[in-house]
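So this block is structure_20.txt, compact mmCIF, C-alpha atoms:
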# COMPACT_ATOMS: atom_id res chain seq x y z
CA MET A 1 -27.92 41.28 -64.38
CA PRO A 2 -31.64 42.00 -64.05
CA PRO A 3 -33.17 41.76 -60.58
CA SER A 4 -35.57 39.10 -61.77
CA THR A 5 -32.67 36.84 -62.75
CA GLN A 6 -31.03 37.34 -59.36
CA THR A 7 -34.28 36.53 -57.62
CA SER A 8 -34.85 33.41 -59.67
CA ARG A 9 -31.32 32.14 -58.96
CA ALA A 10 -31.74 32.81 -55.26
CA GLY A 11 -35.04 30.99 -55.28
CA ASN A 12 -33.52 28.03 -57.09
CA ALA A 13 -30.78 27.87 -54.48
CA GLY A 14 -33.39 27.66 -51.70
CA ILE A 15 -32.52 31.05 -50.18
CA CYS A 16 -35.22 33.39 -48.92
CA THR A 17 -33.95 36.83 -49.83
CA GLN A 18 -36.83 38.77 -48.21
CA GLY A 19 -35.94 41.80 -50.25
CA LYS A 20 -32.21 41.69 -49.46
CA PRO A 21 -29.57 41.70 -52.20
CA VAL A 22 -28.14 38.29 -52.97
CA GLU A 23 -24.58 39.56 -52.46
CA ASP A 24 -25.34 40.50 -48.82
CA ILE A 25 -26.92 37.13 -48.14
CA GLN A 26 -23.94 35.30 -49.58
CA LYS A 27 -21.55 37.36 -47.45
CA GLY A 28 -23.57 36.56 -44.35
CA ASN A 29 -23.55 32.87 -45.12
CA ASN A 30 -19.81 32.86 -45.65
CA HIS A 31 -19.36 34.67 -42.30
CA GLU A 32 -21.51 32.10 -40.49
CA VAL A 33 -19.63 29.23 -42.11
CA GLY A 34 -16.33 30.77 -40.97
CA GLN A 35 -17.56 31.15 -37.40
CA GLY A 36 -18.81 27.56 -37.37
CA SER A 37 -15.48 26.23 -38.57
CA ALA A 38 -13.58 28.27 -36.00
CA GLY A 39 -15.93 27.13 -33.23
CA SER A 40 -15.59 23.48 -34.16
CA ALA A 41 -11.81 23.83 -34.32
CA ALA A 42 -11.78 25.45 -30.87
CA HIS A 43 -14.04 22.71 -29.51
CA ASP A 44 -11.76 20.04 -30.93
CA ALA A 45 -8.72 21.73 -29.46
CA GLY A 46 -10.41 22.04 -26.08
CA SER A 47 -11.50 18.43 -26.06
CA ASP A 48 -8.03 17.31 -27.04
CA GLY A 49 -6.49 19.38 -24.28
CA LYS A 50 -8.80 18.10 -21.55
CA GLY A 51 -9.79 14.62 -22.60
CA THR A 52 -6.55 13.36 -24.07
CA GLN A 53 -3.83 12.51 -21.54
CA PRO A 54 -0.27 11.47 -22.26
CA ALA A 55 0.25 7.73 -22.25
CA LYS A 56 1.85 6.42 -19.08
CA SER A 57 4.98 4.37 -19.20
CA ARG A 58 4.57 0.62 -18.72
CA TRP A 59 7.09 0.85 -15.87
CA ALA A 60 5.23 3.66 -14.05
CA ALA A 61 3.42 1.15 -11.81
CA LEU A 62 6.77 -0.13 -10.52
CA ALA A 63 8.01 3.32 -9.48
CA MET A 64 8.01 3.69 -5.70
CA GLU A 65 8.32 6.54 -3.28
CA ARG A 66 10.57 6.41 -0.24
CA TRP A 67 7.81 5.50 2.20
CA GLU A 68 6.69 2.64 -0.07
CA ILE A 69 10.18 1.15 0.05
CA LEU A 70 10.16 1.41 3.85
CA VAL A 71 6.77 -0.29 4.09
CA ILE A 72 8.00 -3.11 1.85
CA LEU A 73 11.05 -3.54 4.09
CA LEU A 74 8.74 -3.76 7.09
CA THR A 75 6.88 -6.55 5.30
CA VAL A 76 9.96 -8.47 4.17
CA ALA A 77 11.79 -8.42 7.54
CA PRO A 78 9.32 -10.39 9.71
CA MET A 79 8.61 -12.91 6.95
CA ALA A 80 12.33 -13.46 6.39
CA GLY A 81 12.94 -13.79 10.14
CA PHE A 82 10.19 -16.39 10.46
CA THR A 83 11.52 -18.48 7.55
CA VAL A 84 15.06 -18.31 8.95
CA ILE A 85 14.10 -19.77 12.31
CA SER A 86 11.24 -22.10 11.32
CA PRO A 87 13.39 -24.99 9.97
CA TYR A 88 14.94 -25.43 13.43
CA GLN A 89 11.69 -25.30 15.40
CA PRO A 90 10.64 -28.96 14.95
CA THR A 91 14.01 -30.16 16.24
CA ILE A 92 13.94 -27.88 19.28
CA ARG A 93 10.37 -28.86 20.11
CA ALA A 94 11.22 -32.53 19.82
CA GLU A 95 14.22 -32.12 22.13
CA LEU A 96 12.02 -30.40 24.72
CA GLY A 97 9.29 -33.02 24.51
CA CYS A 98 6.70 -31.10 22.47
CA GLY A 99 4.88 -33.69 20.39
CA PRO A 100 2.10 -33.36 17.81
CA VAL A 101 -0.55 -32.57 20.42
CA CYS A 102 1.67 -29.90 21.95
CA ILE A 103 2.41 -28.32 18.57
CA GLY A 104 -1.28 -28.33 17.62
CA SER A 105 -2.18 -26.80 20.98
CA MET A 106 0.37 -24.02 20.47
CA THR A 107 -1.10 -23.25 17.07
CA SER A 108 -4.64 -23.13 18.44
CA VAL A 109 -3.67 -20.97 21.41
CA SER A 110 -1.76 -18.60 19.14
CA SER A 111 -4.82 -18.19 16.91
CA LEU A 112 -7.09 -17.67 19.91
CA VAL A 113 -4.83 -15.00 21.41
CA GLY A 114 -4.62 -13.37 17.99
CA LEU A 115 -8.40 -12.93 17.97
CA PHE A 116 -8.05 -10.62 20.97
CA GLY A 117 -4.73 -9.12 19.91
CA ALA A 118 -5.78 -7.93 16.45
CA PRO A 119 -8.49 -5.48 17.61
CA LEU A 120 -6.27 -4.39 20.50
CA VAL A 121 -3.42 -3.50 18.17
CA GLY A 122 -5.86 -1.83 15.77
CA ALA A 123 -7.16 0.39 18.57
CA LEU A 124 -3.61 1.23 19.67
CA SER A 125 -2.74 2.09 16.08
CA ASP A 126 -5.63 4.54 15.83
CA GLN A 127 -5.10 6.11 19.26
CA GLN A 128 -1.31 6.06 19.68
CA GLY A 129 -0.23 6.11 16.05
CA ARG A 130 1.01 3.65 13.46
CA ARG A 131 4.63 3.91 14.56
CA PHE A 132 3.75 2.89 18.10
CA ALA A 133 1.83 -0.19 16.94
CA LEU A 134 4.55 -1.19 14.47
CA THR A 135 7.29 -0.77 17.07
CA LEU A 136 5.33 -2.78 19.63
CA GLY A 137 4.74 -5.61 17.17
CA THR A 138 8.38 -5.66 16.06
CA LEU A 139 9.67 -5.84 19.62
CA ALA A 140 7.15 -8.58 20.45
CA MET A 141 8.35 -10.69 17.54
CA ALA A 142 12.00 -10.14 18.46
CA LEU A 143 11.23 -11.17 22.05
CA SER A 144 9.59 -14.36 20.79
CA PHE A 145 12.69 -15.23 18.77
CA VAL A 146 14.92 -14.65 21.79
CA LEU A 147 12.71 -16.80 24.00
CA GLN A 148 12.77 -19.63 21.48
CA GLY A 149 16.52 -19.39 21.08
CA SER A 150 17.15 -19.51 24.81
CA ALA A 151 14.43 -22.06 25.66
CA THR A 152 15.56 -24.77 28.04
CA SER A 153 12.14 -26.17 28.87
CA LEU A 154 8.71 -26.56 27.34
CA SER A 155 7.34 -23.66 29.36
CA TRP A 156 9.74 -21.30 27.57
CA LEU A 157 8.36 -22.41 24.23
CA TRP A 158 4.84 -21.75 25.46
CA LEU A 159 5.89 -18.34 26.72
CA ALA A 160 7.31 -17.48 23.30
CA VAL A 161 3.86 -18.01 21.74
CA PHE A 162 2.08 -15.11 23.45
CA PRO A 163 4.00 -11.89 22.57
CA PRO A 164 3.68 -12.13 18.77
CA ALA A 165 0.16 -13.56 18.90
CA LEU A 166 -1.02 -10.68 21.05
CA LEU A 167 0.94 -7.73 19.68
CA SER A 168 2.64 -8.57 16.39
CA HIS A 169 0.12 -7.73 13.66
CA ASN A 170 2.41 -5.57 11.60
CA PHE A 171 1.18 -6.72 8.22
CA THR A 172 -2.27 -5.39 9.04
CA ILE A 173 -0.79 -2.12 10.32
CA THR A 174 1.26 -1.69 7.15
CA LYS A 175 -1.99 -1.83 5.19
CA ALA A 176 -3.27 1.01 7.36
CA VAL A 177 -0.05 2.91 6.61
CA VAL A 178 -0.72 2.50 2.89
CA ALA A 179 -4.27 3.76 3.39
CA ASP A 180 -2.90 6.84 5.18
CA LEU A 181 -0.10 7.71 2.77
CA ALA A 182 -1.08 6.45 -0.68
CA SER A 183 -3.32 8.38 -3.04
CA VAL A 184 -6.60 6.85 -4.10
CA ASP A 185 -5.24 6.07 -7.57
CA ASN A 186 -2.10 4.31 -6.27
CA ARG A 187 -3.55 2.57 -3.21
CA ALA A 188 -4.45 -0.71 -4.89
CA ALA A 189 -1.08 -0.92 -6.63
CA THR A 190 0.77 -0.33 -3.35
CA LEU A 191 -1.26 -2.99 -1.57
CA GLY A 192 -0.35 -5.38 -4.36
CA LYS A 193 3.31 -4.60 -3.76
CA LEU A 194 2.84 -5.58 -0.12
CA GLY A 195 1.69 -9.03 -1.20
CA LEU A 196 4.72 -9.26 -3.44
CA ALA A 197 6.97 -8.23 -0.54
CA ALA A 198 5.48 -10.93 1.70
CA GLY A 199 6.33 -13.57 -0.89
CA LEU A 200 9.81 -12.12 -1.24
CA GLY A 201 10.28 -12.36 2.53
CA PHE A 202 9.45 -16.08 2.48
CA MET A 203 11.99 -16.51 -0.30
CA CYS A 204 14.76 -14.76 1.65
CA GLY A 205 14.79 -17.32 4.47
CA PRO A 206 16.26 -20.19 2.45
CA VAL A 207 18.91 -17.83 1.09
CA PHE A 208 20.02 -16.96 4.63
CA GLN A 209 20.18 -20.66 5.43
CA LEU A 210 23.24 -20.90 3.20
CA PHE A 211 25.18 -18.95 5.86
CA ILE A 212 23.50 -20.39 8.98
CA THR A 213 24.36 -23.74 10.52
CA THR A 214 23.00 -23.62 14.10
CA PHE A 215 19.76 -22.67 15.82
CA ALA A 216 21.59 -19.95 17.77
CA GLN A 217 22.74 -18.33 14.54
CA ALA A 218 19.23 -18.53 13.11
CA THR A 219 17.81 -16.91 16.25
CA ALA A 220 20.37 -14.12 16.09
CA ALA A 221 19.69 -13.48 12.39
CA ALA A 222 15.92 -13.41 12.88
CA THR A 223 16.24 -11.05 15.85
CA LEU A 224 18.57 -8.71 13.95
CA LEU A 225 16.09 -8.52 11.10
CA GLN A 226 13.43 -7.37 13.54
CA VAL A 227 15.72 -4.80 15.13
CA ALA A 228 16.73 -3.49 11.70
CA SER A 229 13.08 -2.93 10.80
CA LEU A 230 12.86 -0.47 13.72
CA TRP A 231 15.04 1.84 11.64
CA ALA A 232 12.51 1.69 8.79
CA ILE A 233 9.68 2.46 11.21
CA TYR A 234 11.55 5.54 12.46
CA LEU A 235 12.00 6.85 8.89
CA LEU A 236 8.32 6.62 7.98
CA PRO A 237 6.61 9.99 7.33
CA ALA A 238 3.81 11.40 9.45
CA MET A 239 0.64 9.30 9.40
CA GLU A 240 -2.85 9.24 10.83
CA GLY A 241 -2.72 8.77 14.59
CA ALA A 242 -3.85 10.10 17.91
CA GLU A 243 -2.92 13.73 17.22
CA SER A 244 -4.35 13.92 13.69
CA GLY A 245 -7.47 12.06 14.75
CA GLY A 246 -8.00 14.43 17.66
CA SER A 247 -7.54 17.48 15.47
CA LYS A 248 -10.12 16.14 13.00
CA GLU A 249 -12.64 15.60 15.79
CA GLU A 250 -12.03 19.07 17.18
CA GLY A 251 -12.41 20.57 13.72
CA GLY A 252 -15.67 18.69 13.20
CA SER A 253 -17.09 19.83 16.57
CA LYS A 254 -16.13 23.42 15.88
CA GLY A 255 -17.79 23.28 12.46

Could I get this file's structure written as structure tokens?
Amino acid sequence: MPPSTQTSRAGNAGICTQGKPVEDIQKGNNHEVGQGSAGSAAHDAGSDGKGTQPAKSRWAALAMERWEILVILLTVAPMAGFTVISPYQPTIRAELGCGPVCIGSMTSVSSLVGLFGAPLVGALSDQQGRRFALTLGTLAMALSFVLQGSATSLSWLWLAVFPPALLSHNFTITKAVVADLASVDNRAATLGKLGLAAGLGFMCGPVFQLFITTFAQATAAATLLQVASLWAIYLLPAMEGAESGGSKEEGGSKG
């Protein structure tokens, strides 16, 4: 083919030959097209590998680790103990002469003491550790149940108000445990499970009532639930506390 014909065809195709043979230009274009296709394929593969994640199972949110089960047990136990003993409290108070004013006063005093007890327990939890605060609150609640079960006068009922109001703030401490142990992605889900466990604890009380007929039996069952939760506290893994907090401060001062 004459060079003029090749030049005219190249010009019609919109290609600037600049003195180069048309065959070389076509080879170069094909090479560039091949590189572009390979690059786009690699980009698509890379984006699929990084951006696309396998779909999670719908039941993945319900999966729990061992420490989550223990924390839920710590939430269920005090709620169940309270609902086991609460149906008998009005009768006992009436027998000991605690009327509406007395009951209202107990509620107000309990709330007032709790205002001072909550920050106290929070400080103990940070300085002495979560286990210490949980154990203290569990023992305080168990002591309150024992005092109510053995009350022979109104003063005993008043005495039973103070230990849990001052020291038993375990639900708040369990939230701190979740903050220490749960990852950022699972923290909200675990806190939601705590709310579910609290509702479950209130539901367990009426079930226990099927096997309980006296106030003494209710007191014993509620106290045993508190003692059993001590086992769950012992099995909890290491958490933020006095030692870890001190090491962080030392590390920060050294840095």

So that I can see what lies close to range 128-141 of chain A, please list as a CSV table (one decimal) with C-alpha atoms, in the frame of the given file the residues with an atom at most 7 Å from it, counting all atoms listed in the file and leaving out residues fewer than 2 positions away in the same chain.
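And here's part.csv as it stands now:
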chain,number,residue,atom,x,y,z
A,121,VAL,CA,-3.4,-3.5,18.2
A,124,LEU,CA,-3.6,1.2,19.7
A,125,SER,CA,-2.7,2.1,16.1
A,126,ASP,CA,-5.6,4.5,15.8
A,143,LEU,CA,11.2,-11.2,22.0
A,144,SER,CA,9.6,-14.4,20.8
A,145,PHE,CA,12.7,-15.2,18.8
A,163,PRO,CA,4.0,-11.9,22.6
A,164,PRO,CA,3.7,-12.1,18.8
A,167,LEU,CA,0.9,-7.7,19.7
A,168,SER,CA,2.6,-8.6,16.4
A,169,HIS,CA,0.1,-7.7,13.7
A,170,ASN,CA,2.4,-5.6,11.6
A,173,ILE,CA,-0.8,-2.1,10.3
A,177,VAL,CA,0.0,2.9,6.6
A,226,GLN,CA,13.4,-7.4,13.5
A,230,LEU,CA,12.9,-0.5,13.7
A,233,ILE,CA,9.7,2.5,11.2
A,239,MET,CA,0.6,9.3,9.4
A,240,GLU,CA,-2.8,9.2,10.8
A,241,GLY,CA,-2.7,8.8,14.6
A,242,ALA,CA,-3.8,10.1,17.9

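As for CA of Tyr88 in chain A and CA of Thr219 in chain A, they are spaced 9.4 Å apart.
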
Next item on the list: Can you pull out every residue within 10 Å of range 74-76 of chain A, counting all atoms listed in the file, but drop anything in the same chain fewer than 3 positions away, and send it as a PyMOL selection string?
Entry: chain A and resi 68-71+79-81+134+138+170-172+174+193-204+225-226+228-233

Next item on the list: In the coordinate frame of the file, compute which residues have an atom within 12 Å of (3.4, -15.3, 28.8) when using all atoms listed in the file, and state them as a ChimeraX atom specification.
Entry: /A:109-110,113,140,143-144,147,155-166

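Computed from the coordinates, the CA of Ile72 in chain A to CA of Leu210 in chain A distance equals 23.5 Å.
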
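Interatomic distance, CA of Ser86 in chain A against CA of Ala176 in chain A: 27.6 Å.
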
Let me have the centre and edge lengths of the axis-aligned box enclosing all listed atoms of range 100-103 of chain A with 3 Å padding on every side, in Å to one decimal, as lines of an AutoDock Vina configuration file.
center_x = 0.9
center_y = -30.8
center_z = 19.9
size_x = 9.0
size_y = 11.0
size_z = 10.1

Check: For Leu224 in chain A, which residue out of A:Leu112, A:Val101, A:Pro206, A:Ala142 is the nearest one, using only C-alpha atoms?
Finding: A:Ala142

Notebook entry, point to check: Nearest to Ala216 in chain A among A:Leu73, A:Leu120, A:Met106, A:Ala151, with distances taken over only C-alpha atoms: which residue is it?
Noted result: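 Between A:Leu73, A:Leu120, A:Met106, A:Ala151, the residue approaching Ala216 in chain A most closely is A:Ala151.
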